[in-house]
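Peer 1: File work-v9.txt follows (compact mmCIF, C-alpha atoms and all ligand atoms):
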```
# COMPACT_ATOMS: atom_id res chain seq x y z
CA MET A 1 -27.91 22.87 -4.87
CA ALA A 2 -25.49 20.39 -3.33
CA HIS A 3 -23.51 18.13 -5.64
CA ARG A 4 -24.22 14.48 -4.97
CA VAL A 5 -20.95 12.57 -4.87
CA CYS A 6 -20.57 8.85 -4.23
CA VAL A 7 -17.72 8.11 -1.84
CA ILE A 8 -16.02 4.76 -1.34
CA SER A 9 -13.60 4.72 1.59
CA GLY A 10 -11.93 1.50 0.47
CA ASP A 11 -9.47 -0.74 2.31
CA GLY A 12 -6.22 -0.28 4.22
CA ILE A 13 -5.32 3.42 4.43
CA GLY A 14 -8.46 4.24 2.38
CA PRO A 15 -10.76 5.29 5.25
CA GLU A 16 -8.04 7.54 6.78
CA VAL A 17 -7.07 9.36 3.61
CA VAL A 18 -10.59 9.62 2.21
CA SER A 19 -11.98 11.09 5.44
CA ALA A 20 -9.13 13.64 5.43
CA ALA A 21 -9.93 14.55 1.82
CA ARG A 22 -13.62 14.93 2.59
CA ARG A 23 -12.86 17.24 5.50
CA VAL A 24 -10.72 19.44 3.25
CA ILE A 25 -13.32 19.62 0.48
CA ASP A 26 -16.09 20.40 2.98
CA ALA A 27 -13.93 23.07 4.62
CA ALA A 28 -13.43 24.71 1.22
CA GLY A 29 -17.16 25.44 1.32
CA VAL A 30 -18.33 23.26 -1.56
CA ALA A 31 -21.83 21.96 -0.90
CA ILE A 32 -21.49 18.23 -1.35
CA ASP A 33 -23.96 15.60 -0.36
CA TRP A 34 -21.66 12.58 0.17
CA ILE A 35 -23.25 9.21 -0.51
CA GLU A 36 -21.20 6.63 1.37
CA LEU A 37 -20.95 3.32 -0.43
CA PRO A 38 -19.39 -0.01 0.46
CA ALA A 39 -16.75 -1.78 -1.67
CA GLY A 40 -13.70 -3.93 -0.97
CA ALA A 41 -12.85 -6.23 1.90
CA GLY A 42 -15.18 -4.51 4.36
CA ALA A 43 -18.08 -4.91 1.96
CA VAL A 44 -17.61 -8.69 1.75
CA GLU A 45 -18.09 -9.02 5.49
CA ARG A 46 -21.23 -6.88 5.52
CA PHE A 47 -22.81 -7.53 2.13
CA GLY A 48 -21.21 -10.77 0.89
CA ASP A 49 -19.82 -9.01 -2.19
CA VAL A 50 -16.74 -6.86 -2.84
CA LEU A 51 -18.79 -4.66 -5.14
CA PRO A 52 -22.36 -4.67 -3.83
CA ALA A 53 -25.28 -3.89 -6.16
CA GLN A 54 -26.19 -0.75 -4.16
CA THR A 55 -22.74 0.69 -4.92
CA ILE A 56 -23.07 0.00 -8.63
CA ASP A 57 -26.60 1.44 -8.71
CA ALA A 58 -25.60 4.64 -6.90
CA ILE A 59 -22.62 5.30 -9.19
CA ARG A 60 -24.84 4.63 -12.19
CA GLN A 61 -27.33 7.15 -10.89
CA HIS A 62 -24.96 9.93 -9.75
CA ARG A 63 -22.11 9.29 -12.23
CA LEU A 64 -19.50 10.83 -9.96
CA ALA A 65 -17.40 9.21 -7.25
CA LEU A 66 -14.39 9.79 -5.02
CA LYS A 67 -12.83 6.45 -4.26
CA GLY A 68 -10.26 5.13 -1.82
CA PRO A 69 -7.97 2.23 -2.73
CA ILE A 70 -9.20 -1.35 -2.65
CA THR A 71 -7.07 -4.38 -1.85
CA THR A 72 -6.94 -7.10 -4.51
CA PRO A 73 -5.72 -10.58 -3.52
CA ILE A 74 -2.58 -11.75 -5.30
CA GLY A 75 -2.63 -14.89 -7.46
CA LYS A 76 -6.05 -16.05 -6.27
CA GLY A 77 -9.39 -14.79 -4.90
CA PHE A 78 -11.83 -12.23 -6.26
CA SER A 79 -11.09 -10.21 -9.38
CA SER A 80 -10.13 -6.56 -8.97
CA VAL A 81 -12.96 -4.23 -7.93
CA ASN A 82 -11.04 -1.41 -9.63
CA VAL A 83 -10.92 -3.21 -12.96
CA ARG A 84 -14.60 -4.13 -12.63
CA LEU A 85 -15.63 -0.55 -11.93
CA ARG A 86 -13.60 0.77 -14.85
CA LYS A 87 -15.16 -1.74 -17.24
CA LEU A 88 -18.67 -1.48 -15.86
CA PHE A 89 -18.81 2.30 -16.33
CA ASN A 90 -16.55 2.41 -19.37
CA LEU A 91 -14.06 4.63 -17.55
CA TYR A 92 -11.67 4.30 -20.43
CA ALA A 93 -9.22 7.10 -19.61
CA ALA A 94 -7.05 7.03 -16.51
CA VAL A 95 -5.53 10.49 -16.17
CA ARG A 96 -2.63 10.93 -13.75
CA PRO A 97 -0.97 14.35 -13.59
CA VAL A 98 2.55 14.15 -12.19
CA ARG A 99 4.22 17.40 -11.19
CA SER A 100 7.15 18.49 -9.07
CA MET A 101 5.64 19.68 -5.81
CA PRO A 102 6.83 22.84 -4.07
CA GLY A 103 9.01 22.06 -1.09
CA ILE A 104 9.44 18.38 -1.95
CA LYS A 105 13.06 17.94 -2.94
CA THR A 106 13.64 15.15 -5.42
CA ARG A 107 16.29 14.38 -8.01
CA TYR A 108 14.33 16.42 -10.59
CA ASP A 109 12.75 19.87 -10.74
CA ASN A 110 10.09 21.03 -13.18
CA VAL A 111 8.42 17.67 -13.87
CA GLU A 112 5.02 18.50 -15.36
CA LEU A 113 3.67 15.53 -17.22
CA VAL A 114 0.44 13.61 -17.38
CA VAL A 115 0.01 9.89 -17.91
CA VAL A 116 -3.05 8.99 -20.00
CA ARG A 117 -3.62 5.27 -19.59
CA GLU A 118 -6.14 3.17 -21.52
CA ASN A 119 -8.20 1.71 -18.71
CA THR A 120 -10.45 -1.03 -20.10
CA GLU A 121 -8.45 -3.31 -22.42
CA GLY A 122 -4.96 -4.78 -22.81
CA LEU A 123 -3.86 -7.47 -20.39
CA TYR A 124 -6.54 -6.37 -17.90
CA SER A 125 -9.17 -8.22 -19.95
CA GLY A 126 -9.19 -10.88 -17.22
CA LEU A 127 -9.13 -13.53 -19.94
CA GLU A 128 -6.80 -16.21 -18.60
CA HIS A 129 -6.97 -19.97 -18.93
CA GLU A 130 -4.92 -23.10 -18.59
CA VAL A 131 -4.29 -24.64 -22.00
CA VAL A 132 -2.83 -27.88 -20.60
CA PRO A 133 -1.46 -28.42 -17.09
CA GLY A 134 1.57 -26.18 -16.68
CA VAL A 135 0.70 -23.88 -19.59
CA VAL A 136 -1.48 -20.81 -19.12
CA GLU A 137 -2.48 -18.02 -21.46
CA SER A 138 -3.41 -14.45 -20.60
CA ILE A 139 -5.06 -12.60 -23.45
CA LYS A 140 -4.17 -9.04 -24.35
CA VAL A 141 -7.11 -7.34 -26.01
CA ALA A 142 -6.84 -4.30 -28.25
CA THR A 143 -9.78 -2.99 -30.24
CA ARG A 144 -9.77 -0.22 -32.80
CA VAL A 145 -12.65 1.43 -30.94
CA GLY A 146 -10.75 1.34 -27.63
CA CYS A 147 -7.40 2.47 -29.05
CA GLU A 148 -8.92 5.30 -31.04
CA ARG A 149 -11.04 6.46 -28.13
CA ILE A 150 -8.08 6.82 -25.77
CA ALA A 151 -5.94 8.51 -28.44
CA ARG A 152 -8.74 10.99 -29.10
CA TYR A 153 -9.01 11.63 -25.35
CA ALA A 154 -5.26 12.28 -25.06
CA PHE A 155 -5.10 14.71 -27.99
CA ASN A 156 -8.23 16.55 -26.90
CA TYR A 157 -6.84 16.76 -23.35
CA ALA A 158 -3.56 18.13 -24.70
CA ARG A 159 -5.34 20.69 -26.89
CA GLU A 160 -7.68 21.91 -24.16
CA ARG A 161 -4.82 22.41 -21.71
CA GLY A 162 -2.33 23.91 -24.10
CA ARG A 163 0.06 21.01 -23.86
CA LYS A 164 2.71 20.71 -26.55
CA LYS A 165 3.50 17.06 -27.09
CA VAL A 166 1.99 13.58 -26.89
CA THR A 167 4.40 10.66 -26.55
CA VAL A 168 3.17 7.11 -27.07
CA PHE A 169 4.99 4.34 -25.20
CA HIS A 170 4.56 0.98 -26.93
CA LYS A 171 6.11 -2.38 -27.66
CA ALA A 172 4.90 -2.74 -31.24
CA ASN A 173 8.25 -4.22 -32.26
CA ILE A 174 7.22 -7.38 -30.36
CA MET A 175 3.40 -7.13 -30.07
CA LYS A 176 3.02 -6.13 -33.67
CA MET A 177 -0.73 -6.57 -33.81
CA SER A 178 -2.00 -5.26 -30.44
CA ASP A 179 0.49 -2.46 -29.84
CA GLY A 180 0.65 -2.03 -33.62
CA LEU A 181 -3.06 -1.18 -33.59
CA PHE A 182 -2.52 1.19 -30.66
CA ILE A 183 0.10 3.27 -32.47
CA ASP A 184 -1.79 3.11 -35.75
CA CYS A 185 -4.79 4.68 -34.03
CA ALA A 186 -2.62 7.28 -32.27
CA ARG A 187 -1.06 8.30 -35.61
CA ARG A 188 -4.44 8.63 -37.30
CA VAL A 189 -5.94 10.66 -34.46
CA HIS A 190 -2.87 12.91 -34.42
CA ALA A 191 -3.25 13.51 -38.15
CA GLU A 192 -6.94 14.24 -37.69
CA ILE A 193 -7.07 16.45 -34.59
CA GLY A 194 -3.48 16.87 -33.39
CA GLY A 195 -3.03 20.32 -34.93
CA SER A 196 0.30 21.74 -33.81
CA ILE A 197 0.77 19.19 -31.02
CA GLN A 198 4.04 17.32 -31.46
CA TYR A 199 3.74 13.55 -31.73
CA GLU A 200 6.39 11.07 -30.66
CA GLU A 201 6.59 7.28 -30.32
CA LEU A 202 9.05 5.47 -28.07
CA ILE A 203 9.52 1.77 -27.49
CA ILE A 204 8.69 1.51 -23.82
CA ASP A 205 12.02 0.12 -22.61
CA ASN A 206 13.77 3.12 -24.10
CA GLY A 207 10.94 5.31 -22.78
CA CYS A 208 11.64 4.13 -19.21
CA MET A 209 15.31 4.97 -19.56
CA GLN A 210 14.47 8.42 -21.00
CA ILE A 211 12.03 9.16 -18.16
CA VAL A 212 14.52 8.45 -15.41
CA ARG A 213 17.24 10.41 -17.21
CA ASP A 214 15.13 13.49 -17.89
CA PRO A 215 11.41 13.44 -17.08
CA THR A 216 11.11 17.15 -17.92
CA ARG A 217 11.26 16.37 -21.63
CA PHE A 218 7.84 14.68 -21.45
CA ASP A 219 4.43 16.27 -21.57
CA VAL A 220 1.44 13.96 -22.22
CA LEU A 221 2.26 10.23 -22.13
CA LEU A 222 -0.23 7.95 -23.87
CA MET A 223 -0.19 4.19 -23.43
CA GLU A 224 -2.17 1.00 -23.02
CA ASN A 225 -3.37 -0.37 -19.72
CA LEU A 226 -0.49 -2.34 -18.18
CA TYR A 227 2.22 0.07 -19.32
CA GLY A 228 0.19 2.96 -17.89
CA ASP A 229 -0.15 1.19 -14.56
CA LEU A 230 3.62 0.70 -14.26
CA ILE A 231 4.66 4.08 -15.63
CA SER A 232 2.27 5.88 -13.25
CA ASP A 233 4.06 4.49 -10.20
CA LEU A 234 7.45 5.09 -11.80
CA CYS A 235 6.54 8.72 -12.42
CA ALA A 236 5.22 9.07 -8.86
CA GLY A 237 8.70 8.09 -7.70
CA LEU A 238 10.16 11.04 -9.62
CA VAL A 239 8.19 13.68 -7.72
CA GLY A 240 8.03 12.42 -4.13
CA GLY A 241 6.15 9.13 -4.19
CA LEU A 242 2.64 7.77 -4.27
CA GLY A 243 1.45 10.21 -1.61
CA VAL A 244 1.47 13.08 -4.12
CA VAL A 245 0.01 11.72 -7.36
CA PRO A 246 -3.73 11.96 -8.02
CA GLY A 247 -5.86 10.36 -10.65
CA ALA A 248 -9.16 10.33 -12.48
CA ASN A 249 -10.94 7.52 -14.30
CA ILE A 250 -13.01 9.19 -16.97
CA GLY A 251 -15.75 7.83 -19.20
CA ASP A 252 -18.20 9.56 -21.50
CA ASP A 253 -20.86 9.82 -18.81
CA CYS A 254 -19.24 8.88 -15.51
CA ALA A 255 -16.06 9.74 -13.60
CA VAL A 256 -14.37 8.13 -10.62
CA PHE A 257 -11.55 10.04 -8.93
CA GLU A 258 -8.90 8.16 -6.98
CA ALA A 259 -5.22 8.37 -6.12
CA VAL A 260 -2.70 6.22 -7.99
CA HIS A 261 -1.66 4.50 -4.78
CA GLY A 262 -3.12 1.31 -3.35
CA SER A 263 -4.35 0.39 0.12
CA ALA A 264 -0.80 0.40 1.60
CA PRO A 265 -1.41 -2.37 4.17
CA ASP A 266 2.07 -1.75 5.62
CA ILE A 267 0.97 1.60 7.07
CA ALA A 268 -2.81 1.14 7.38
CA GLY A 269 -4.53 2.28 10.58
CA LYS A 270 -1.48 4.19 11.86
CA ASN A 271 -2.55 7.73 10.91
CA ILE A 272 0.68 8.19 8.95
CA ALA A 273 -0.49 7.85 5.33
CA ASN A 274 -0.29 10.97 3.21
CA PRO A 275 -3.83 12.06 2.25
CA LEU A 276 -2.56 14.54 -0.36
CA ALA A 277 -2.98 12.22 -3.36
CA VAL A 278 -6.67 11.75 -2.55
CA ILE A 279 -7.06 15.46 -1.78
CA MET A 280 -5.50 16.24 -5.18
CA SER A 281 -7.87 13.72 -6.79
CA GLY A 282 -10.66 15.66 -5.06
CA VAL A 283 -9.33 18.85 -6.63
CA MET A 284 -9.49 17.17 -10.04
CA MET A 285 -13.08 16.21 -9.22
CA LEU A 286 -13.99 19.78 -8.24
CA ASN A 287 -12.56 21.09 -11.51
CA HIS A 288 -14.53 18.41 -13.34
CA ILE A 289 -17.81 19.63 -11.83
CA GLY A 290 -17.02 23.30 -12.39
CA GLN A 291 -16.08 24.15 -8.78
CA THR A 292 -12.86 25.70 -10.00
CA GLU A 293 -12.62 28.44 -7.37
CA ALA A 294 -12.70 25.95 -4.49
CA ALA A 295 -10.32 23.67 -6.39
CA THR A 296 -7.80 26.49 -6.76
CA ARG A 297 -8.09 27.45 -3.09
CA ILE A 298 -7.37 23.87 -1.99
CA ARG A 299 -4.46 23.63 -4.39
CA ASP A 300 -3.03 26.95 -3.13
CA ALA A 301 -3.49 25.72 0.44
CA TYR A 302 -1.55 22.50 -0.02
CA ASP A 303 1.12 24.26 -2.03
CA ALA A 304 1.45 26.68 0.93
CA VAL A 305 1.74 23.82 3.45
CA LEU A 306 4.38 22.12 1.32
CA THR A 307 6.30 25.33 0.69
CA GLY A 308 6.20 26.14 4.41
CA GLY A 309 8.25 23.01 5.00
CA ASN A 310 7.15 22.77 8.65
CA ARG A 311 7.91 19.17 9.62
CA ASP A 312 5.04 19.19 12.11
CA GLU A 313 2.64 19.73 9.23
CA LEU A 314 4.00 17.21 6.71
CA THR A 315 3.54 13.45 6.67
CA ARG A 316 6.51 11.11 7.01
CA ASP A 317 6.75 10.12 3.33
CA ILE A 318 7.58 13.75 2.45
CA GLY A 319 9.97 14.38 5.30
CA GLY A 320 7.69 15.38 8.15
CA THR A 321 6.35 14.01 11.41
CA ALA A 322 2.65 14.86 11.13
CA GLY A 323 -0.16 12.34 10.96
CA THR A 324 -2.73 12.03 8.20
CA GLN A 325 -5.31 14.19 9.97
CA GLN A 326 -2.75 16.77 11.13
CA PHE A 327 -1.71 17.32 7.52
CA ALA A 328 -5.37 17.87 6.61
CA ASP A 329 -5.74 20.27 9.56
CA ALA A 330 -2.71 22.27 8.39
CA LEU A 331 -4.21 22.50 4.93
CA ILE A 332 -7.60 23.58 6.25
CA ARG A 333 -5.92 26.38 8.25
CA ARG A 334 -4.54 27.77 4.95
CA LEU A 335 -7.85 27.75 3.08
P1 LIG B 401 0.54 0.64 -2.54
O1 LIG B 401 0.37 1.74 -3.52
O2 LIG B 401 -0.61 0.38 -1.65
O3 LIG B 401 1.83 0.93 -1.62
C1 LIG B 401 3.13 0.99 -2.17
C2 LIG B 401 4.06 1.70 -1.19
O4 LIG B 401 3.74 3.10 -1.15
C3 LIG B 401 3.92 1.19 0.24
O5 LIG B 401 5.17 1.20 0.87
C4 LIG B 401 3.01 2.21 0.90
O6 LIG B 401 3.18 2.36 2.28
C5 LIG B 401 3.38 3.50 0.16
N1 LIG B 401 2.21 4.39 0.07
C6 LIG B 401 1.14 4.22 -0.73
N2 LIG B 401 0.27 5.21 -0.55
C7 LIG B 401 0.79 6.03 0.38
C8 LIG B 401 0.35 7.23 1.00
N3 LIG B 401 -0.83 7.79 0.68
N4 LIG B 401 1.14 7.80 1.93
C9 LIG B 401 2.33 7.27 2.25
N5 LIG B 401 2.82 6.12 1.69
C10 LIG B 401 2.05 5.51 0.77
O7 LIG B 401 0.90 -0.64 -3.38
P2 LIG B 401 0.93 -2.19 -2.93
O8 LIG B 401 1.44 -2.32 -1.54
O9 LIG B 401 1.63 -2.85 -4.04
O10 LIG B 401 -0.59 -2.64 -3.00
C11 LIG B 401 -1.42 -2.81 -1.86
C12 LIG B 401 -2.81 -3.19 -2.31
O11 LIG B 401 -3.43 -2.09 -2.99
C13 LIG B 401 -2.87 -4.37 -3.28
O12 LIG B 401 -3.94 -5.22 -2.88
C14 LIG B 401 -3.20 -3.74 -4.61
O13 LIG B 401 -3.91 -4.61 -5.46
C15 LIG B 401 -4.04 -2.56 -4.18
N6 LIG B 401 -4.05 -1.44 -5.14
C16 LIG B 401 -5.24 -0.81 -5.29
C17 LIG B 401 -5.32 0.29 -6.11
C18 LIG B 401 -6.65 0.98 -6.25
O14 LIG B 401 -7.57 0.70 -5.49
N7 LIG B 401 -6.81 1.88 -7.18
C19 LIG B 401 -4.19 0.76 -6.77
C20 LIG B 401 -2.97 0.11 -6.57
C21 LIG B 401 -2.92 -0.99 -5.74
```
Spell out the structure here as structure tokens.
Peer 2:
Amino acid sequence: MAHRVCVISGDGIGPEVVSAARRVIDAAGVAIDWIELPAGAGAVERFGDVLPAQTIDAIRQHRLALKGPITTPIGKGFSSVNVRLRKLFNLYAAVRPVRSMPGIKTRYDNVELVVVRENTEGLYSGLEHEVVPGVVESIKVATRVGCERIARYAFNYARERGRKKVTVFHKANIMKMSDGLFIDCARRVHAEIGGSIQYEELIIDNGCMQIVRDPTRFDVLLMENLYGDLISDLCAGLVGGLGVVPGANIGDDCAVFEAVHGSAPDIAGKNIANPLAVIMSGVMMLNHIGQTEAATRIRDAYDAVLTGGNRDELTRDIGGTAGTQQFADALIRRL
């Protein structure tokens, strides 16, 4: 029976990279019944809402989605569709594996880490107000339930995948209560289920310095929402950029897979965006639904394209001249 997967093309480069990813997944022979759903700027024009009810209903029903990036206006306008989706479906764990890719030469080799970001709390609570003119407050929320839940996810993830160490990035020296609660929960969960997994805490400013000096010393990185957002992009920069880092937003009964990158308006509509990050997110999705054989074949295929180093088959961000769809074609030829 075909898997029913909700698909949101999104804004900017979204439609280009998501269609490329769909072609690859279909070519790998997985029977997927794609349910196309509107969200983002395009949805406002057609449905008067950035996150139409039909999209919410379908994700609620099928509990699985592949999503393109969605533009969020800066400093004004509608609140983030991404944040709304994550809260609505309690997608509390953002999981972003960052690895050195074959054939992509960067300053570092052998990066193999994963960022586990709390996805529903922190400064993304959306609670902002003006106290008096010229003074605003933005509220950072941390709950014991939320902090414990993400710590448990990180340690279970590490255990299941044979990872050796969990490092928490925090700023509990300044935010003694909110980040204090976060590390308190991480310590407790480590004591309870950490087993032989090493546990480490770093104040995030030091953590940033350590990452750019030697990212290979990290394994699983656990942190609250805003820090995870920033560190994900920083880590992408270590392995070749946003075109090569996938992601998953995981809840207890729903999962939405999407790349770390945004809608990249600077390159939208030009057929030059790298679809690999969404393809890799699709691979994570296939593993999630037990289609591991197809997932491995796609991964082997893109590793082969990258290793081949043929400039005609690689997108510009990773040193080639190929377009978005040509990269997907090259990958499909290797399947
Ligand atoms: P961005 O991630 O869209 O782009 C940052 C830089 O990386 C740009 O130079 C872009 O061209 C490049 N880039 C990104 N993806 C690429 C790809 N696949 N191939 C090649 N180059 C790529 O970040 P931004 O410009 O700060 O944000 C643009 C919009 O995206 C904003 O509205 C932001 O809110 C939104 N955004 C959405 C998501 C999401 O939907 N999950 C995530 C991040 C940002």
Peer 1: Would you mind listing the residues within 6 Å of ligand LIG 401 (chain B), counting all atoms listed in the file, as number ranges by chain?
Peer 2: A: 69-73, 82, 242-243, 260-264, 266-267, 273-275, 317
Peer 1: For each of A:Gly103, A:Gly207, A:Gly241, A:Gly29, take the minimum atom-to-atom distance to Ala2 of chain A, counting all atoms listed in the file, then give the residue where this is smallest.
Peer 2: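 Result for the nearest residue to Ala2 of chain A: A:Gly29.
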Peer 1: Give me, please, the distance in Å between atom CA of Gly323 of chain A and atom CA of Ala65 of chain A, quoted to one decimal.
Peer 2: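 Atom CA of Ala65 of chain A lies at a distance of 25.3 Å from atom CA of Gly323 of chain A.
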Peer 1: Calculate how many Å separate atom CA of Cys235 of chain A from atom CA of Phe218 of chain A, rounding to one decimal.
Peer 2: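 Atom-to-atom, atom CA of Cys235 of chain A to atom CA of Phe218 of chain A, that is 10.9 Å.
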Peer 1: Padding of 5 Å on every side, edges along x, y and z, all listed atoms of segment 99-103 of chain A included: what centre and edge lengths in Å, to one decimal, does that box have, as lines of an AutoDock Vina configuration file?
Peer 2:
```
center_x = 6.6
center_y = 20.1
center_z = -6.1
size_x = 14.8
size_y = 15.4
size_z = 20.1
```
Peer 1: Restrict the calculation to only C-alpha atoms, then for each residue of segment 222-312 of chain A with any atom at most 12 Å from an atom of segment 31-43 of chain A give the closest atom pair and their distance in Å to one decimal, rows by chain and rising residue number, as CSV.
Peer 2:
```
residue,atom,partner,partner_atom,distance
A:Ser263,CA,A:Gly40,CA,10.4
A:Gly282,CA,A:Ile32,CA,11.7
A:Met285,CA,A:Ile32,CA,11.7
A:Leu286,CA,A:Ile32,CA,10.3
A:Ile289,CA,A:Ile32,CA,11.2
A:Gln291,CA,A:Ala31,CA,10.0
A:Ala294,CA,A:Ala31,CA,10.6
```
Peer 1: Go ahead and dump the residues you just picked, C-alpha atoms, as a PDB file, keeping the file's coordinate frame.
Peer 2:
```pdb
ATOM      1  CA  SER A 263      -4.350   0.390   0.120  1.00  0.00           C
ATOM      2  CA  GLY A 282     -10.660  15.660  -5.060  1.00  0.00           C
ATOM      3  CA  MET A 285     -13.080  16.210  -9.220  1.00  0.00           C
ATOM      4  CA  LEU A 286     -13.990  19.780  -8.240  1.00  0.00           C
ATOM      5  CA  ILE A 289     -17.810  19.630 -11.830  1.00  0.00           C
ATOM      6  CA  GLN A 291     -16.080  24.150  -8.780  1.00  0.00           C
ATOM      7  CA  ALA A 294     -12.700  25.950  -4.490  1.00  0.00           C
TER       8      ALA A 294
END
```
Peer 1: Which of these, A:Ala158, A:Val116, A:Val81, A:Val278, has the shortest distance to Val95 of chain A once you count only C-alpha atoms?
Peer 2: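 That would be A:Val116, the residue with the smallest distance to Val95 of chain A.
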Peer 1: Enumerate, as JSON, numbers by chain, the protein, DNA and RNA residues whose atoms approach (3.1, 12.3, 11.4) to within 10 Å, taking into account only C-alpha atoms and the coordinate frame of the file.
Peer 2: {"A": [270, 271, 272, 273, 274, 311, 312, 313, 314, 315, 316, 317, 319, 320, 321, 322, 323, 324, 325, 326, 327]}
Peer 1: Determine the nearest neighbour of Leu234 of chain A from the options A:Leu127, A:Ala186, A:Cys208, A:Met284, counting all atoms listed in the file.
Peer 2: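 Closest candidate: A:Cys208.
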Peer 1: To one decimal in Å, tell me the separation between atom CA of Arg117 of chain A and atom CA of Ala191 of chain A.
Peer 2: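 Separation between atom CA of Arg117 of chain A and atom CA of Ala191 of chain A: 20.3 Å.
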Peer 1: Give me the residues near Tyr199 of chain A as a list of chain:residue names, where near means some atom within 8 Å (using only C-alpha atoms) and where sequence neighbours in that chain fewer than 6 positions away do not count.
Peer 2: A:Lys165, A:Val166, A:Thr167, A:Val168, A:His190
Peer 1: Which residues are close to segment 142-145 of chain A, i.e. within 8 Å by only C-alpha atoms, leaving aside same-chain residues fewer than 6 positions away? Reply as a VMD selection string.
Peer 2: chain A and resid 121 to 122 178 to 179 181 to 182 185
Peer 1: Where atoms are missing, can you supply N, CA and C atoms for segment 297-310 of chain A and output the lot as an mmCIF file, in the coordinates of the input?
Peer 2:
```cif
data_model
loop_
_atom_site.group_PDB
_atom_site.id
_atom_site.type_symbol
_atom_site.label_atom_id
_atom_site.label_comp_id
_atom_site.auth_asym_id
_atom_site.auth_seq_id
_atom_site.Cartn_x
_atom_site.Cartn_y
_atom_site.Cartn_z
ATOM 1 N N ARG A 297 -8.412 27.112 -4.489
ATOM 2 C CA ARG A 297 -8.090 27.450 -3.090
ATOM 3 C C ARG A 297 -7.450 26.252 -2.377
ATOM 4 N N ILE A 298 -7.965 25.061 -2.643
ATOM 5 C CA ILE A 298 -7.370 23.870 -1.990
ATOM 6 C C ILE A 298 -5.954 23.661 -2.509
ATOM 7 N N ARG A 299 -5.797 23.820 -3.809
ATOM 8 C CA ARG A 299 -4.460 23.630 -4.390
ATOM 9 C C ARG A 299 -3.473 24.662 -3.811
ATOM 10 N N ASP A 300 -3.908 25.919 -3.714
ATOM 11 C CA ASP A 300 -3.030 26.950 -3.130
ATOM 12 C C ASP A 300 -2.706 26.603 -1.679
ATOM 13 N N ALA A 301 -3.695 26.044 -0.980
ATOM 14 C CA ALA A 301 -3.490 25.720 0.440
ATOM 15 C C ALA A 301 -2.463 24.598 0.592
ATOM 16 N N TYR A 302 -2.557 23.565 -0.213
ATOM 17 C CA TYR A 302 -1.550 22.500 -0.020
ATOM 18 C C TYR A 302 -0.191 22.902 -0.558
ATOM 19 N N ASP A 303 -0.187 23.731 -1.591
ATOM 20 C CA ASP A 303 1.120 24.260 -2.030
ATOM 21 C C ASP A 303 1.757 25.079 -0.900
ATOM 22 N N ALA A 304 0.920 25.845 -0.167
ATOM 23 C CA ALA A 304 1.450 26.680 0.930
ATOM 24 C C ALA A 304 1.982 25.796 2.062
ATOM 25 N N VAL A 305 1.257 24.721 2.389
ATOM 26 C CA VAL A 305 1.740 23.820 3.450
ATOM 27 C C VAL A 305 3.072 23.200 3.029
ATOM 28 N N LEU A 306 3.150 22.761 1.799
ATOM 29 C CA LEU A 306 4.380 22.120 1.320
ATOM 30 C C LEU A 306 5.529 23.119 1.290
ATOM 31 N N THR A 307 5.256 24.312 0.775
ATOM 32 C CA THR A 307 6.300 25.330 0.690
ATOM 33 C C THR A 307 6.790 25.724 2.079
ATOM 34 N N GLY A 308 5.853 25.786 3.032
ATOM 35 C CA GLY A 308 6.200 26.140 4.410
ATOM 36 C C GLY A 308 7.250 25.210 4.988
ATOM 37 N N GLY A 309 7.204 23.953 4.587
ATOM 38 C CA GLY A 309 8.250 23.010 5.000
ATOM 39 C C GLY A 309 8.285 22.721 6.489
ATOM 40 N N ASN A 310 7.196 23.022 7.210
ATOM 41 C CA ASN A 310 7.150 22.770 8.650
ATOM 42 C C ASN A 310 6.964 21.264 8.883
#
```
